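Listing of model_26.txt; format and content: compact mmCIF, C-alpha atoms.
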# COMPACT_ATOMS: atom_id res chain seq x y z
CA MET A 279 0.00 0.00 0.00
CA LYS A 280 1.30 3.40 -0.97
CA THR A 281 1.51 6.18 1.56
CA CYS A 282 -0.15 9.54 0.94
CA LYS A 283 3.22 11.13 0.30
CA ASP A 284 3.99 8.64 -2.47
CA VAL A 285 0.59 9.20 -3.98
CA GLU A 286 1.06 12.96 -3.99
CA ILE A 287 4.25 12.55 -5.97
CA LEU A 288 2.44 10.21 -8.36
CA CYS A 289 -0.17 12.90 -8.78
CA THR A 290 2.49 15.47 -9.63
CA LYS A 291 3.90 13.05 -12.18
CA ALA A 292 0.45 12.58 -13.65
CA GLN A 293 0.17 16.36 -14.07
CA TYR A 294 2.94 16.17 -16.64
CA ASN A 295 1.46 13.05 -18.25
CA GLU A 296 4.43 11.03 -17.19
CA ALA A 297 2.84 8.52 -14.85
CA THR A 298 2.76 4.91 -16.02
CA LEU A 299 -0.50 3.01 -16.30
CA LEU A 300 0.16 1.16 -13.06
CA GLU A 301 0.88 4.44 -11.29
CA LYS A 302 -2.32 5.97 -12.64
CA ILE A 303 -4.32 3.02 -11.33
CA GLN A 304 -2.65 3.27 -7.94
CA LEU A 305 -3.50 6.99 -7.87
CA LYS A 306 -7.14 6.43 -8.78
CA LEU A 307 -7.54 3.64 -6.23
CA HIS A 308 -6.04 5.77 -3.50
CA MET A 309 -8.28 8.69 -4.40
CA LEU A 310 -11.30 6.50 -3.74
CA ILE A 311 -10.37 5.95 -0.14
CA CYS A 312 -8.50 9.13 0.80
CA LYS A 313 -10.26 12.45 0.86
CA THR A 314 -7.13 14.49 1.60
CA CYS A 315 -5.42 13.21 -1.51
CA LYS A 316 -8.53 13.85 -3.55
CA THR A 317 -8.42 17.53 -2.57
CA PHE A 318 -4.72 17.59 -3.28
CA VAL A 319 -5.25 16.22 -6.78
CA LYS A 320 -7.90 18.84 -7.42
CA LYS A 321 -5.61 21.65 -6.30
CA ASN A 322 -2.70 20.28 -8.27
CA THR A 323 -4.77 20.09 -11.44
CA LYS A 324 -5.92 23.66 -10.87
CA LEU A 325 -2.32 24.79 -10.54
CA THR A 326 -1.48 23.17 -13.88
CA SER A 327 -4.34 24.93 -15.62
CA LEU A 328 -3.43 28.25 -13.99
CA CYS A 329 0.15 27.93 -15.18
CA SER A 330 -0.88 27.26 -18.75
CA GLN A 331 -3.51 29.99 -18.61
CA ALA A 332 -1.01 32.60 -17.49
CA LYS A 333 1.20 31.96 -20.55
CA ILE A 334 4.38 32.87 -18.76
CA LYS A 335 7.26 33.39 -21.12
CA THR A 336 10.85 32.79 -20.22
CA LEU A 337 14.13 33.56 -21.85
CA PRO A 338 15.91 30.53 -23.28
CA MET A 339 18.96 29.28 -21.41
CA GLU A 340 21.47 30.28 -24.07
CA GLU A 341 20.13 33.84 -24.10
CA LYS A 342 20.65 34.00 -20.36
CA GLU A 343 24.21 32.72 -20.69
CA LYS A 344 24.88 35.33 -23.34
CA MET A 345 23.49 38.03 -21.09
CA LYS A 346 25.62 36.84 -18.20
CA ARG A 347 28.75 36.97 -20.31
CA THR A 348 28.12 40.49 -21.59
CA LEU A 349 27.25 41.65 -18.10
CA ARG A 350 30.46 40.23 -16.71
CA SER A 351 32.55 41.85 -19.41
CA LYS A 352 30.97 45.21 -18.59
CA SER A 353 31.38 45.07 -14.86
CA MET B 823 14.46 47.85 7.69
CA THR B 824 17.57 46.05 6.59
CA LYS B 825 19.59 47.74 3.94
CA GLN B 826 19.47 46.00 0.58
CA ILE B 827 22.62 45.33 -1.34
CA LEU B 828 23.05 44.65 -5.02
CA ASN B 829 24.28 41.34 -6.36
CA PRO B 830 24.76 41.80 -10.10
CA ASP B 831 26.09 38.26 -10.52
CA THR B 832 22.73 36.75 -9.64
CA TRP B 833 20.62 39.20 -11.64
CA VAL B 834 20.24 37.13 -14.76
CA ASP B 835 19.30 33.97 -12.89
CA SER B 836 16.94 35.62 -10.47
CA TYR B 837 15.21 38.37 -12.38
CA SER B 838 15.59 37.96 -16.14
CA ASP B 839 12.39 35.93 -16.56
CA TYR B 840 10.39 38.29 -14.39
CA LEU B 841 11.66 41.37 -16.20
CA PHE B 842 11.22 39.67 -19.56
CA ASN B 843 7.58 38.92 -18.85
CA TYR B 844 7.00 42.43 -17.67
CA ALA B 845 8.53 43.80 -20.87
CA VAL B 846 6.93 41.35 -23.26
CA THR B 847 3.40 42.13 -22.08
CA ARG B 848 4.11 45.80 -22.73
CA VAL B 849 5.94 45.81 -26.04
CA ASN B 850 4.45 42.64 -27.55
CA ASP B 851 7.69 41.56 -29.16
CA SER B 852 10.08 39.11 -27.57
CA GLU B 853 13.16 40.44 -29.41
CA ILE B 854 12.55 44.00 -28.25
CA ALA B 855 11.69 42.76 -24.77
CA LYS B 856 14.97 40.85 -24.61
CA ASP B 857 16.93 43.93 -25.60
CA LEU B 858 15.11 46.01 -23.03
CA VAL B 859 15.96 43.53 -20.29
CA GLN B 860 19.59 43.55 -21.35
CA GLU B 861 19.65 47.35 -21.35
CA THR B 862 18.06 47.34 -17.93
CA PHE B 863 20.84 45.20 -16.53
CA PHE B 864 23.46 47.46 -18.09
CA ALA B 865 21.81 50.57 -16.73
CA GLY B 866 21.57 48.86 -13.35
CA LEU B 867 25.29 48.14 -13.36
CA LYS B 868 26.11 51.65 -14.43
CA SER B 869 24.06 53.32 -11.75
CA ALA B 870 24.70 50.72 -9.05
CA LYS B 871 26.41 53.34 -6.93
CA ASN B 872 23.20 55.39 -6.90
CA PHE B 873 21.30 52.51 -5.37
CA LYS B 874 20.39 53.66 -1.91
CA GLY B 875 19.33 50.31 -0.59
CA GLU B 876 15.84 51.46 0.22
CA ALA B 877 14.02 49.25 -2.24
CA ALA B 878 14.43 45.58 -2.98
CA GLU B 879 16.74 44.76 -5.86
CA ARG B 880 13.87 43.58 -8.03
CA THR B 881 11.74 46.66 -7.47
CA TRP B 882 14.70 48.80 -8.36
CA LEU B 883 15.34 46.90 -11.59
CA ILE B 884 11.66 47.04 -12.53
CA SER B 885 11.67 50.80 -12.11
CA ILE B 886 14.59 51.01 -14.53
CA LEU B 887 12.80 48.72 -16.98
CA LYS B 888 9.71 50.91 -16.79
CA ARG B 889 11.74 53.88 -17.98
CA LYS B 890 13.23 51.74 -20.76
CA VAL B 891 9.77 50.75 -21.99
CA ILE B 892 8.67 54.39 -22.01
CA ASP B 893 11.84 55.37 -23.88
CA HIS B 894 11.18 52.63 -26.41
CA TYR B 895 7.73 53.99 -27.20
CA ARG B 896 9.09 57.51 -27.36
CA LYS B 897 11.69 56.40 -29.88
CA ILE B 898 9.27 54.66 -32.23
CA ASN B 899 6.90 57.59 -31.98
CA SER B 900 9.50 60.15 -32.92
CA LYS B 901 10.30 58.13 -36.04
CA LYS B 902 6.87 58.82 -37.42
CA ALA B 903 6.46 62.10 -39.19
CA LYS B 904 3.34 62.77 -37.23
CA SER B 905 1.05 60.76 -35.16
CA VAL B 906 -1.66 59.07 -37.13
CA ILE B 907 -5.03 58.37 -35.73
CA ARG B 908 -6.02 54.94 -36.83
CA ILE B 909 -9.62 53.94 -36.98
CA THR B 910 -10.10 50.35 -37.84
CA LYS B 911 -13.40 49.73 -39.45
CA ASN B 912 -15.32 46.82 -38.27
CA ASN B 913 -15.17 44.63 -41.33
CA ASN B 914 -17.38 41.88 -40.18
CA SER B 915 -20.15 44.09 -38.93
CA ASP B 916 -23.48 43.35 -40.43
CA THR B 917 -24.71 46.86 -39.83
CA ASP B 918 -23.60 49.34 -42.43
CA SER B 919 -22.94 52.42 -40.42
CA ASN B 920 -20.24 54.98 -40.06
CA PHE B 921 -20.99 55.98 -36.54
CA LEU B 922 -18.01 55.58 -34.29
CA GLU B 923 -20.28 55.00 -31.36
CA GLU B 924 -21.23 51.69 -32.83
CA GLN B 925 -17.64 50.58 -33.04
CA VAL B 926 -16.55 51.04 -29.47
CA ALA B 927 -15.52 47.99 -27.53
CA ASP B 928 -18.28 45.91 -26.16
CA PRO B 929 -18.36 46.70 -22.44
CA THR B 930 -19.83 43.33 -21.63
CA SER B 931 -17.04 41.48 -23.42
CA LEU B 932 -15.02 39.25 -21.14
CA LEU B 933 -12.05 39.00 -23.48
CA GLU B 934 -10.18 42.10 -22.34
CA ASN B 935 -10.85 41.32 -18.73
CA SER B 936 -9.47 37.83 -18.97
CA LYS B 937 -6.39 39.09 -20.79
CA MET B 938 -5.62 41.52 -18.01
CA GLU B 939 -6.39 38.90 -15.43
CA ASN B 940 -4.00 36.47 -17.10
CA GLU B 941 -1.24 39.08 -16.98
CA GLU B 942 -1.83 39.59 -13.29
CA LEU B 943 -1.96 35.86 -12.77
CA GLY B 944 1.39 35.50 -14.53
CA ILE B 945 2.91 38.10 -12.24
CA ALA B 946 1.41 36.44 -9.18
CA ILE B 947 2.80 33.06 -10.21
CA GLN B 948 6.24 34.51 -10.86
CA GLU B 949 6.30 36.25 -7.52
CA CYS B 950 5.50 32.95 -5.89
CA ILE B 951 8.19 31.18 -7.90
CA ALA B 952 10.69 33.81 -6.78
CA LYS B 953 10.00 32.87 -3.17
CA LEU B 954 10.93 29.22 -3.73
CA PRO B 955 14.43 27.89 -3.03
CA LYS B 956 16.57 28.42 -6.11
CA LYS B 957 16.83 24.77 -7.12
CA HIS B 958 13.11 24.15 -6.69
CA ALA B 959 12.29 27.24 -8.71
CA MET B 960 14.60 26.17 -11.51
CA ALA B 961 13.23 22.63 -11.64
CA PHE B 962 9.65 23.89 -11.70
CA THR B 963 10.23 26.52 -14.38
CA LEU B 964 12.18 24.20 -16.63
CA LYS B 965 9.58 21.46 -16.38
CA THR B 966 6.32 23.38 -16.30
CA ILE B 967 6.90 26.60 -18.14
CA ASN B 968 9.61 25.64 -20.58
CA GLY B 969 8.10 22.17 -20.94
CA LEU B 970 11.38 20.29 -21.02
CA SER B 971 11.44 16.51 -20.70
CA THR B 972 12.36 14.90 -17.40
CA GLU B 973 15.65 13.72 -18.88
CA GLU B 974 16.72 17.17 -19.95
CA VAL B 975 15.86 18.75 -16.61
CA CYS B 976 17.75 16.02 -14.76
CA LYS B 977 20.81 16.62 -16.90
CA GLU B 978 20.57 20.35 -16.40
CA LEU B 979 20.32 20.10 -12.61
CA GLU B 980 22.45 16.98 -12.22
CA ILE B 981 19.93 14.97 -10.21
CA ASN B 982 18.12 11.69 -10.77
CA PRO B 983 14.46 11.49 -11.83
CA SER B 984 12.99 10.41 -8.50
CA ASN B 985 14.81 13.30 -6.88
CA LEU B 986 13.40 15.64 -9.49
CA TRP B 987 9.83 14.53 -8.81
CA VAL B 988 10.25 15.13 -5.10
CA ILE B 989 11.64 18.61 -5.79
CA ILE B 990 8.87 19.45 -8.23
CA HIS B 991 6.28 18.12 -5.83
CA ARG B 992 7.62 20.34 -3.04
CA ALA B 993 7.74 23.31 -5.36
CA ARG B 994 4.15 22.75 -6.43
CA THR B 995 2.93 22.37 -2.87
CA ALA B 996 4.64 25.64 -1.91
CA LEU B 997 3.22 27.36 -4.99
CA MET B 998 -0.30 26.22 -4.20
CA GLU B 999 0.06 27.58 -0.71
CA CYS B 1000 1.46 30.87 -1.99
CA LEU B 1001 -1.14 31.34 -4.71
CA ASN B 1002 -3.81 30.47 -2.21
CA ASN B 1003 -2.73 33.43 -0.10
CA ASN B 1004 -1.90 35.86 -2.89
CA TRP B 1005 -4.21 35.08 -5.75
CA PHE B 1006 -7.34 33.21 -4.84
CA LYS B 1007 -8.47 29.94 -3.45
CA ILE B 1008 -7.40 27.08 -5.65
Turn the structure described in the file into C-alpha cells.
Amino acid sequence: MKTCKDVEILCTKAQYNEATLLEKIQLKLHMLICKTCKTFVKKNTKLTSLCSQAKIKTLPMEEKEKMKRTLRSKS
Amino acid sequence: MTKQILNPDTWVDSYSDYLFNYAVTRVNDSEIAKDLVQETFFAGLKSAKNFKGEAAERTWLISILKRKVIDHYRKINSKKAKSVIRITKNNNSDTDSNFLEEQVADPTSLLENSKMENEELGIAIQECIAKLPKKHAMAFTLKTINGLSTEEVCKELEINPSNLWVIIHRARTALMECLNNNWFKI
C-alpha cells in the first residue's frame, strides 16, 4: 500500500502526463479511499491549468548565458 | 528595515524571466523585450552606486525597466512624421454604419478582462516562484513553463528522476500555498 506522500508525488507526475499506467491506477484507487489526496489532486490540477492559462514566457537558457557573459565583461 | 545590497552576478538567474515577462506584455515583441531587459541590466550596473538600498533589488530593476519601456515607445513615436489616428473599421459588422459610437468595444465582453487577469496571474505566479528555493524554482520553471522533458531537466540540474519529482512536488505544494494566499483559493 502506498503512503499519501507517495501518492502525492504520483499525482504530480500525472500532471505532466508522465505517470505509467500502473501508477495511474494506484493513484485512482487511492483517491477512492483518501479524501485528503482527492483535494490535493484537485488543487494540483488547478495549478497546472493556472500555469498554462497565465502563458508565462521565459528567456531561453542560451540567451541568459549570453546576457551573463556580456554583463560580466561590462562590470 | 535592513539595507538592501546589489548582487549583479545573480541578476540574470533571479530576475531575467520576471523582467522579460514584464517587458513582453508591454511591447508585444520578444526580441525587443529581450533587448530592453539587457539594457536594464546594463543601466543597473552603471548606476549601481546610486542605489540607496531602500528598495528591494527587483523593485529597483523594474523601475529602470519601466523607464526603458517608455523610452522605447518615445523612440518609435519620434520616427513617425506625425502621429496618425487609426480607426479600424469593423469589417465583419453586419450593420452598415459609419458611426463611431457603434464601433466602441463591447463593455460586456469578457475578453479584455481575462487578458488583463492572465497578466496579473502571470505576475502572481512569478512572484511565488521567486520565493521558492533556487533549485526548486529552476526545476519547476524548466519542467512546467519551458516544458522540457524529465531527462533534460535532470541533466541540467544533475539529479536523478525520483529526486526531481520530489523537488517538483515540493515546489508545487509551496506554490499552491502561496497562490492560495496571494491570488485566490485554488
Check your understanding: Which residues of chain B are close to chain A, meaning at most 8 Å apart when you count all atoms listed in the file, and how do they look as JSON, numbers by chain?
Key -> {"B": [831, 834, 835, 838, 839, 842, 843, 856, 860, 863, 864, 867, 940, 941, 943, 944, 947, 966, 967, 968, 987, 988, 990, 991, 994, 998, 1008]}
Study note, to complete from the structure: Correct to one decimal, the distance atom CA of A:Cys315-atom CA of B:Asn985 is 20.9 Å
**Study point:** Surrounding residues of A:Met309 excluding itself and chain neighbours under 4 positions, 10 Å, only C-alpha atoms, as a PyMOL selection string
**Key:** chain A and resi 282+285+303-305+313-319
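One finds atom CA of B:Ile884 at 12.5 Å from atom CA of B:Ile945.
In this model, the gap between atom CA of B:Ile951 and atom CA of B:Glu934 comes to 25.8 Å.
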Centre and edge lengths of an axis-aligned box around all listed atoms of stretch 987-995 of chain B, with 5 Å added on each side, are to be given in Å to one decimal, as lines of an AutoDock Vina configuration file.
center_x = 7.3
center_y = 18.9
center_z = -5.8
size_x = 18.7
size_y = 18.8
size_z = 15.9
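Counting all atoms listed in the file, the residue from B:Ser885, B:Ser852, B:Asn935, B:Thr963 that sits nearest to B:Ala865 is B:Ser885.
Nearest-residue note for B:Glu939: choosing from B:Tyr895, B:Trp1005, B:Phe962, B:Trp882, the minimum distance belongs to B:Trp1005, counting all atoms listed in the file.
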